[in-house]
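The file model34.txt contains compact mmCIF, C-alpha atoms:
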# COMPACT_ATOMS: atom_id res chain seq x y z
CA MET A 1 0.00 0.00 0.00
CA GLN A 2 2.78 2.35 1.04
CA ASP A 3 4.79 1.38 -2.04
CA ASN A 4 1.90 2.09 -4.37
CA TYR A 5 1.42 5.50 -2.80
CA THR A 6 5.11 6.29 -3.18
CA ILE A 7 5.14 5.21 -6.80
CA THR A 8 2.06 7.31 -7.62
CA THR A 9 3.49 10.41 -5.93
CA ALA A 10 6.84 10.03 -7.64
CA GLY A 11 5.08 9.65 -10.98
CA GLU A 12 3.05 12.83 -10.49
CA GLU A 13 6.12 14.78 -9.46
CA GLU A 14 7.94 13.53 -12.51
CA ILE A 15 5.08 14.63 -14.79
CA GLU A 16 5.01 18.06 -13.12
CA ALA A 17 8.78 18.39 -13.42
CA VAL A 18 8.65 17.49 -17.10
CA SER A 19 5.88 20.03 -17.78
CA PHE A 20 7.81 22.72 -15.96
CA GLU A 21 10.91 21.79 -17.90
CA VAL A 22 9.04 21.98 -21.19
CA VAL A 23 7.72 25.45 -20.36
CA PHE A 24 11.20 26.50 -19.28
CA GLU A 25 12.85 25.23 -22.47
CA ARG A 26 10.18 26.86 -24.63
CA ASN A 27 10.45 30.30 -23.03
CA LYS A 28 13.91 30.72 -21.47
CA ASN A 29 15.75 32.23 -24.44
CA ARG A 30 12.86 34.45 -25.54
CA LEU A 31 12.47 35.87 -22.03
CA LEU A 32 16.22 36.25 -21.58
CA GLY A 33 16.48 38.22 -24.85
CA LEU A 34 13.69 40.59 -23.87
CA VAL A 35 14.92 41.07 -20.30
CA MET A 36 18.44 41.75 -21.59
CA GLY A 37 16.96 44.44 -23.81
CA ILE A 38 15.21 46.04 -20.85
CA VAL A 39 17.90 45.92 -18.14
CA GLN A 40 20.91 45.91 -20.51
CA GLN A 41 22.96 43.75 -18.15
CA GLN A 42 23.62 40.06 -18.74
CA GLU A 43 23.97 39.02 -15.06
CA ASP A 44 20.86 40.94 -13.98
CA ALA A 45 18.89 39.49 -16.89
CA GLU A 46 19.83 35.92 -15.95
CA GLU A 47 18.88 36.58 -12.31
CA ILE A 48 15.54 38.02 -13.37
CA VAL A 49 14.73 35.08 -15.66
CA GLN A 50 15.62 32.70 -12.83
CA ASP A 51 13.30 34.59 -10.47
CA VAL A 52 10.49 34.43 -13.03
CA PHE A 53 10.78 30.65 -13.28
CA VAL A 54 11.06 30.27 -9.50
CA LYS A 55 7.75 32.16 -9.23
CA LEU A 56 6.30 29.87 -11.89
CA TYR A 57 7.55 26.82 -10.00
CA HIS A 58 5.66 27.94 -6.89
CA LYS A 59 2.52 28.52 -8.91
CA LYS A 60 2.86 25.57 -11.24
CA GLU A 61 -0.37 23.89 -10.08
CA GLU A 62 -2.46 26.85 -11.23
CA MET A 63 -0.28 28.20 -14.05
CA LEU A 64 1.04 25.25 -16.08
CA ASP A 65 -2.34 24.46 -17.64
CA ASN A 66 -3.36 28.09 -17.89
CA PRO A 67 -3.84 29.30 -21.48
CA LEU A 68 -2.49 32.71 -20.40
CA LEU A 69 0.79 31.22 -19.18
CA ASP A 70 2.92 32.98 -21.82
CA THR A 71 1.34 36.35 -21.09
CA TRP A 72 1.82 35.78 -17.35
CA LEU A 73 5.50 34.92 -17.88
CA TYR A 74 6.07 38.05 -19.96
CA ARG A 75 4.28 40.26 -17.43
CA VAL A 76 6.26 38.87 -14.50
CA ALA A 77 9.52 39.22 -16.46
CA ILE A 78 8.73 42.82 -17.46
CA ASN A 79 7.64 43.85 -13.94
CA THR A 80 10.69 42.22 -12.34
CA SER A 81 12.97 43.94 -14.88
CA LEU A 82 11.37 47.33 -14.22
CA ASP A 83 11.68 46.79 -10.46
CA CYS A 84 15.36 46.01 -10.95
CA LEU A 85 15.87 49.19 -13.00
CA ARG A 86 14.01 51.33 -10.43
CA LYS A 87 16.05 49.85 -7.60
CA LYS A 88 19.28 50.68 -9.42
CA LYS A 89 18.06 54.18 -10.23
CA ALA A 90 17.16 54.76 -6.58
CA GLU A 91 20.57 53.47 -5.50
CA ARG A 92 22.28 55.83 -7.94
CA SER A 93 20.28 58.96 -7.15
CA GLY A 94 19.19 58.74 -3.52
CA GLY A 95 22.02 57.02 -1.75
CA PHE A 96 23.04 59.63 0.83
CA LEU A 97 24.75 57.00 2.98
CA GLN A 98 26.35 55.55 -0.13
CA ARG A 99 27.77 58.96 -0.97
CA VAL A 100 28.97 59.48 2.59
CA PHE A 101 30.61 56.07 2.87
CA LYS A 102 31.50 55.89 -0.84
CA ILE A 103 29.97 52.46 -1.38
CA SER A 104 30.63 51.41 -4.95
CA LYS A 105 27.57 51.39 -7.16
CA GLU A 106 26.95 49.27 -10.20
CA GLU A 107 26.30 51.54 -13.15
CA ILE A 108 24.42 50.75 -16.32
CA PRO A 109 27.16 50.49 -18.94
CA ALA A 110 27.34 53.38 -21.41
CA THR A 111 27.33 50.95 -24.31
CA TYR A 112 25.43 47.72 -24.34
CA ASN A 113 26.00 44.86 -26.76
CA HIS A 114 23.03 42.52 -26.92
CA PRO A 115 24.38 39.04 -27.76
CA GLY A 116 21.58 38.36 -30.25
CA ILE A 117 22.30 41.33 -32.52
CA GLN A 118 23.74 40.59 -35.96
CA LEU A 119 27.31 41.77 -36.46
CA ASP A 120 26.48 44.40 -39.11
CA LYS A 121 23.84 45.97 -36.87
CA LYS A 122 25.88 46.04 -33.67
CA GLU A 123 26.93 49.71 -33.88
CA ASP A 124 23.39 50.87 -34.62
CA ALA A 125 22.00 48.70 -31.81
CA VAL A 126 24.46 50.22 -29.31
CA LEU A 127 23.15 53.70 -30.19
CA LEU A 128 19.56 52.49 -29.98
CA PHE A 129 20.04 50.84 -26.57
CA ALA A 130 21.64 54.05 -25.28
CA ALA A 131 18.64 56.07 -26.52
CA LEU A 132 16.23 53.52 -25.02
CA THR A 133 17.49 54.32 -21.51
CA LYS A 134 16.22 57.89 -21.97
CA ILE A 135 12.59 57.25 -22.88
CA PRO A 136 9.72 56.38 -20.49
CA GLU A 137 9.52 52.76 -19.27
CA GLN A 138 6.19 51.85 -20.84
CA GLN A 139 7.23 53.20 -24.24
CA LYS A 140 10.47 51.25 -24.01
CA ILE A 141 8.66 47.99 -23.21
CA ALA A 142 6.13 48.45 -26.02
CA PHE A 143 8.91 49.26 -28.51
CA LEU A 144 11.07 46.29 -27.45
CA LEU A 145 8.13 43.87 -27.59
CA GLN A 146 7.34 44.99 -31.10
CA GLN A 147 10.87 45.25 -32.44
CA MET A 148 12.74 42.45 -30.68
CA GLU A 149 9.91 39.96 -30.44
CA GLY A 150 8.20 40.94 -33.67
CA ARG A 151 4.88 41.07 -31.80
CA GLN A 152 1.69 42.48 -33.28
CA VAL A 153 0.21 45.54 -31.56
CA ALA A 154 -2.64 43.40 -30.17
CA ASP A 155 -0.10 41.04 -28.53
CA VAL A 156 1.82 44.00 -27.10
CA ALA A 157 -1.47 45.31 -25.67
CA THR A 158 -2.32 41.91 -24.10
CA ILE A 159 1.11 41.55 -22.50
CA MET A 160 1.09 45.13 -21.20
CA GLY A 161 -2.51 44.92 -20.04
CA THR A 162 -3.64 47.92 -22.08
CA SER A 163 -5.98 48.52 -24.99
CA THR A 164 -4.72 48.11 -28.55
CA ALA A 165 -5.05 51.84 -29.15
CA ALA A 166 -2.99 52.60 -26.04
CA ALA A 167 -0.29 50.13 -27.09
CA GLU A 168 -0.24 51.64 -30.57
CA GLY A 169 0.12 55.10 -29.01
CA LEU A 170 2.97 53.91 -26.81
CA ILE A 171 4.88 52.47 -29.77
CA LYS A 172 4.31 55.62 -31.81
CA ARG A 173 5.49 57.90 -29.00
CA ALA A 174 8.46 55.61 -28.33
CA LYS A 175 9.55 55.94 -31.97
CA GLU A 176 9.11 59.72 -31.91
CA ASN A 177 11.10 60.08 -28.68
CA LEU A 178 13.81 57.73 -29.91
CA ARG A 179 14.04 59.67 -33.15
CA LYS A 180 14.49 62.94 -31.21
CA GLN A 181 17.01 61.36 -28.84
CA LEU A 182 19.02 59.78 -31.66
CA SER A 183 19.00 63.02 -33.60
CA LYS A 184 20.34 64.79 -30.51
CA ASP A 185 22.98 62.13 -29.86
CA LEU A 186 24.15 61.88 -33.47
CA PHE A 187 23.99 65.39 -34.83
CA SER A 188 24.15 67.80 -31.89
CA THR A 189 27.97 67.91 -31.84
CA MET B 1 17.30 63.30 -45.70
CA GLU B 2 20.47 61.36 -44.98
CA GLU B 3 19.91 62.04 -41.28
CA ASN B 4 16.43 60.49 -41.38
CA LYS B 5 17.73 57.46 -43.23
CA ASN B 6 20.39 56.90 -40.58
CA ILE B 7 17.88 57.22 -37.78
CA ASP B 8 15.47 54.83 -39.51
CA ARG B 9 18.26 52.31 -39.93
CA ILE B 10 19.16 52.60 -36.22
CA LEU B 11 15.50 52.31 -35.17
CA ASN B 12 15.16 49.09 -37.15
CA SER B 13 18.41 47.58 -35.93
CA LEU B 14 16.64 45.37 -33.39
CA GLN B 15 14.47 43.68 -36.00
CA GLY B 16 15.34 40.03 -36.48
CA VAL B 17 17.46 39.97 -33.36
CA GLY B 18 18.50 36.44 -32.40
CA GLN B 19 17.75 34.89 -29.03
CA PRO B 20 20.65 34.63 -26.62
CA GLU B 21 21.47 31.20 -25.21
CA ALA B 22 20.60 30.82 -21.57
CA ASN B 23 23.13 29.32 -19.21
CA PRO B 24 22.95 25.49 -19.51
CA PHE B 25 22.80 25.20 -15.71
CA MET B 26 19.95 27.65 -15.35
CA LEU B 27 17.28 24.98 -14.85
CA THR B 28 19.32 23.27 -12.13
CA ARG B 29 19.79 26.62 -10.39
CA ILE B 30 16.10 27.45 -10.67
CA LEU B 31 15.03 24.10 -9.23
CA ALA B 32 17.54 24.45 -6.38
CA LYS B 33 16.39 28.03 -5.68
CA ALA B 34 12.71 27.07 -5.89
CA LYS B 35 13.14 24.32 -3.32
CA GLU B 36 15.27 26.55 -1.10
CA VAL B 37 12.90 29.51 -1.11
CA GLU B 38 9.88 28.95 1.08
CA LYS B 39 6.45 29.42 -0.35
CA PRO B 40 5.26 32.89 0.68
CA THR B 41 3.29 32.76 3.92
CA ALA B 42 0.74 35.33 5.12
CA TRP B 43 3.42 36.99 7.27
CA ASN B 44 5.81 37.17 4.32
CA THR B 45 3.06 38.84 2.30
CA ILE B 46 2.41 41.36 5.08
CA PHE B 47 6.12 42.15 5.44
CA SER B 48 6.54 42.50 1.69
CA LEU B 49 3.57 44.91 1.68
CA LEU B 50 5.25 46.96 4.39
CA GLN B 51 8.48 47.07 2.40
CA ASN B 52 6.55 48.79 -0.34
CA PRO B 53 6.62 52.58 0.33
CA MET B 54 2.86 52.90 -0.25
CA GLY B 55 2.17 50.04 2.17
CA ALA B 56 4.41 51.58 4.84
CA LEU B 57 2.82 55.01 4.32
CA SER B 58 -0.66 53.52 4.63
CA LEU B 59 0.30 51.88 7.93
CA VAL B 60 1.71 55.17 9.29
CA LEU B 61 -1.47 56.99 8.26
CA LEU B 62 -3.59 54.30 9.92
CA VAL B 63 -1.64 54.61 13.19
CA LEU B 64 -1.93 58.42 13.06
CA ALA B 65 -5.68 58.17 12.40
CA ILE B 66 -6.15 55.82 15.38
CA ASN B 67 -4.16 58.24 17.56
CA ALA B 68 -6.24 61.16 16.36
CA VAL B 69 -9.48 59.32 17.20
CA PHE B 70 -8.22 58.54 20.73
CA LEU B 71 -7.02 62.11 21.29
CA TYR B 72 -10.32 63.51 20.05
CA ASN B 73 -12.33 61.21 22.31
CA ASN B 74 -10.20 62.00 25.38
CA ASN B 75 -10.30 65.78 24.90
CA LYS B 76 -14.01 65.94 24.15
CA PRO B 77 -15.69 68.42 26.60
CA SER B 78 -18.08 66.60 28.97
CA PHE B 79 -21.71 67.57 28.64
CA ASP B 80 -22.66 66.76 32.27
CA ALA B 81 -21.09 69.94 33.68
CA GLY B 82 -24.37 70.80 35.45
CA ASN B 83 -24.47 67.43 37.19
CA SER B 84 -20.91 67.66 38.42
CA LEU B 85 -21.59 71.18 39.75
CA SER B 86 -24.65 69.96 41.62
CA SER B 87 -22.65 67.08 43.10
CA VAL B 88 -20.05 69.56 44.37
CA THR B 89 -22.84 71.65 45.92
CA ASN B 90 -24.26 68.52 47.59
CA GLN B 91 -20.89 67.63 49.04
CA LYS B 92 -20.57 71.18 50.34
CA ALA B 93 -23.88 70.77 52.15
CA ASP B 94 -23.10 67.26 53.39
CA PHE B 95 -19.80 68.23 54.97
CA ASN B 96 -20.89 71.70 56.04
CA ILE B 97 -18.20 73.44 54.11
CA ASP B 98 -19.26 76.99 53.75
CA PHE B 99 -16.15 79.07 53.93
CA LYS B 100 -16.35 82.48 52.36
CA SER B 101 -12.68 83.39 52.52
CA ILE B 102 -9.31 82.29 53.86
CA TYR B 103 -10.10 84.30 57.05
CA ASP B 104 -13.05 81.99 57.82
CA ILE B 105 -10.84 78.89 57.42
CA GLU B 106 -8.25 80.24 59.85
CA ASN B 107 -10.81 81.42 62.44
CA THR B 108 -13.34 78.57 62.47
CA GLU B 109 -13.47 78.48 66.28
CA GLN B 110 -14.73 82.07 66.70
Show the structure stored in the file as structure tokens.
Amino acid sequence: MQDNYTITTAGEEEIEAVSFEVVFERNKNRLLGLVMGIVQQQEDAEEIVQDVFVKLYHKKEEMLDNPLLDTWLYRVAINTSLDCLRKKKAERSGGFLQRVFKISKEEIPATYNHPGIQLDKKEDAVLLFAALTKIPEQQKIAFLLQQMEGRQVADVATIMGTSTAAAEGLIKRAKENLRKQLSKDLFST
Amino acid sequence: MEENKNIDRILNSLQGVGQPEANPFMLTRILAKAKEVEKPTAWNTIFSLLQNPMGALSLVLLVLAINAVFLYNNNKPSFDAGNSLSSVTNQKADFNIDFKSIYDIENTEQ
């Protein structure tokens, strides 16, 4: 009786582990690419993706069969990335004690090389990533989802939890702001 | 014209970006971390709410509001002033205290 119970439990755990693994394998690189685009730091991006999957592991009973799993993963990844950026910004700007005791702070690098960018586009991408740090968060996310992931506006809206018109507006404003910023960066000197 | 072309090229530089390869040990790390980290309890949720500035501010406001209610209730003027005055008058009569001035107190025997 005890043996049967043990075998059944082990079997269920194995099935759950396999499902989790499948979801992980299907989404890990996509999420890592997007998160790298948002935080522009490889180590931070890997940490964030790990945290996202740890959260999924704790919610696997309710999430693994959920048809909105992909959207949930993207939302958690985006929110965790934005939290990470805000935390770093707060550390850079508000650290009175850090200034007094001169605690070293990790800065966002001036140039960021995304590992997925094709060689001939690397220089352009460096300029674009630099400009992306200077536009509002929501515009940045909408732009990255559309450009890096090749998502339709409706998908961007679903992931960001907004209406299609709002997502379209965000992408449009992101492009306008990036255009202004790039123009300033390239031709002001 | 040339400027716009350059900017357009830069804006489109992320199109067709490849996906980076995740660390091959990431799954092992995630599973280890997931088993190590406890599932969030009610207390963890409360503490995480308090770590949020809005949560902490709400708690401070709640404490201040409770204090204000207590202060208001304690400092409220009592409406039975007439009763307390009559009770003082009764005590005066009961104990035969009818001094007019300090002179009367000092010369009660006369």
Neighbours of region 35-48 of chain A within 7 Å (only C-alpha atoms; same-chain residues fewer than 6 positions away dropped), as a ChimeraX atom specification?
/A:77,80-81,85,112
Near chain B, meaning an atom within 8 Å, which residues of chain A appear when counting all atoms listed in the file? Write them as a PDB file with C-alpha atoms, keeping the file's coordinate frame.
ATOM      1  CA  GLU A  21      10.910  21.790 -17.900  1.00  0.00           C
ATOM      2  CA  PHE A  24      11.200  26.500 -19.280  1.00  0.00           C
ATOM      3  CA  LYS A  28      13.910  30.720 -21.470  1.00  0.00           C
ATOM      4  CA  ASN A  29      15.750  32.230 -24.440  1.00  0.00           C
ATOM      5  CA  ARG A  30      12.860  34.450 -25.540  1.00  0.00           C
ATOM      6  CA  LEU A  32      16.220  36.250 -21.580  1.00  0.00           C
ATOM      7  CA  GLY A  33      16.480  38.220 -24.850  1.00  0.00           C
ATOM      8  CA  GLU A  46      19.830  35.920 -15.950  1.00  0.00           C
ATOM      9  CA  GLN A  50      15.620  32.700 -12.830  1.00  0.00           C
ATOM     10  CA  ASP A  51      13.300  34.590 -10.470  1.00  0.00           C
ATOM     11  CA  PHE A  53      10.780  30.650 -13.280  1.00  0.00           C
ATOM     12  CA  VAL A  54      11.060  30.270  -9.500  1.00  0.00           C
ATOM     13  CA  LYS A  55       7.750  32.160  -9.230  1.00  0.00           C
ATOM     14  CA  TYR A  57       7.550  26.820 -10.000  1.00  0.00           C
ATOM     15  CA  HIS A  58       5.660  27.940  -6.890  1.00  0.00           C
ATOM     16  CA  PRO A 115      24.380  39.040 -27.760  1.00  0.00           C
ATOM     17  CA  GLY A 116      21.580  38.360 -30.250  1.00  0.00           C
ATOM     18  CA  ILE A 117      22.300  41.330 -32.520  1.00  0.00           C
ATOM     19  CA  GLN A 118      23.740  40.590 -35.960  1.00  0.00           C
ATOM     20  CA  LYS A 121      23.840  45.970 -36.870  1.00  0.00           C
ATOM     21  CA  LYS A 122      25.880  46.040 -33.670  1.00  0.00           C
ATOM     22  CA  ASP A 124      23.390  50.870 -34.620  1.00  0.00           C
ATOM     23  CA  ALA A 125      22.000  48.700 -31.810  1.00  0.00           C
ATOM     24  CA  LEU A 127      23.150  53.700 -30.190  1.00  0.00           C
ATOM     25  CA  LEU A 128      19.560  52.490 -29.980  1.00  0.00           C
ATOM     26  CA  GLN A 147      10.870  45.250 -32.440  1.00  0.00           C
ATOM     27  CA  MET A 148      12.740  42.450 -30.680  1.00  0.00           C
ATOM     28  CA  GLY A 150       8.200  40.940 -33.670  1.00  0.00           C
ATOM     29  CA  LYS A 175       9.550  55.940 -31.970  1.00  0.00           C
ATOM     30  CA  LEU A 178      13.810  57.730 -29.910  1.00  0.00           C
ATOM     31  CA  ARG A 179      14.040  59.670 -33.150  1.00  0.00           C
ATOM     32  CA  LEU A 182      19.020  59.780 -31.660  1.00  0.00           C
ATOM     33  CA  SER A 183      19.000  63.020 -33.600  1.00  0.00           C
TER      34      SER A 183
END
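Picture a line from CA of Ala142 (chain A) to CA of Leu73 (chain A); it runs 15.8 Å.
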Any idea what the distance is between CA of Leu59 (chain B) and CA of Phe47 (chain B)?
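Going from CA of Leu59 (chain B) over to CA of Phe47 (chain B), I get 11.6 Å.
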Can you measure CA of Phe143 (chain A) to CA of Leu170 (chain A) for me? One decimal in Å is fine.
7.7 Å
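Neighbours of Leu69 (chain A) closer than or equal to 12 Å, with only C-alpha atoms counted and sequence neighbours fewer than 2 positions away skipped, come out as Phe20, Val23, Phe24, Arg26, Asn27, Val52, Phe53, Leu56, Lys59, Lys60, Glu61, Glu62, Met63, Leu64, Asp65, Asn66, Pro67, Thr71, Trp72, Leu73, Tyr74, Arg75, Val76 and Ile159 of chain A.
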Serialized selection, C-alpha atoms, as a PDB file, in the coordinates of the input:
ATOM      1  CA  PHE A  20       7.810  22.720 -15.960  1.00  0.00           C
ATOM      2  CA  VAL A  23       7.720  25.450 -20.360  1.00  0.00           C
ATOM      3  CA  PHE A  24      11.200  26.500 -19.280  1.00  0.00           C
ATOM      4  CA  ARG A  26      10.180  26.860 -24.630  1.00  0.00           C
ATOM      5  CA  ASN A  27      10.450  30.300 -23.030  1.00  0.00           C
ATOM      6  CA  VAL A  52      10.490  34.430 -13.030  1.00  0.00           C
ATOM      7  CA  PHE A  53      10.780  30.650 -13.280  1.00  0.00           C
ATOM      8  CA  LEU A  56       6.300  29.870 -11.890  1.00  0.00           C
ATOM      9  CA  LYS A  59       2.520  28.520  -8.910  1.00  0.00           C
ATOM     10  CA  LYS A  60       2.860  25.570 -11.240  1.00  0.00           C
ATOM     11  CA  GLU A  61      -0.370  23.890 -10.080  1.00  0.00           C
ATOM     12  CA  GLU A  62      -2.460  26.850 -11.230  1.00  0.00           C
ATOM     13  CA  MET A  63      -0.280  28.200 -14.050  1.00  0.00           C
ATOM     14  CA  LEU A  64       1.040  25.250 -16.080  1.00  0.00           C
ATOM     15  CA  ASP A  65      -2.340  24.460 -17.640  1.00  0.00           C
ATOM     16  CA  ASN A  66      -3.360  28.090 -17.890  1.00  0.00           C
ATOM     17  CA  PRO A  67      -3.840  29.300 -21.480  1.00  0.00           C
ATOM     18  CA  THR A  71       1.340  36.350 -21.090  1.00  0.00           C
ATOM     19  CA  TRP A  72       1.820  35.780 -17.350  1.00  0.00           C
ATOM     20  CA  LEU A  73       5.500  34.920 -17.880  1.00  0.00           C
ATOM     21  CA  TYR A  74       6.070  38.050 -19.960  1.00  0.00           C
ATOM     22  CA  ARG A  75       4.280  40.260 -17.430  1.00  0.00           C
ATOM     23  CA  VAL A  76       6.260  38.870 -14.500  1.00  0.00           C
ATOM     24  CA  ILE A 159       1.110  41.550 -22.500  1.00  0.00           C
TER      25      ILE A 159
END
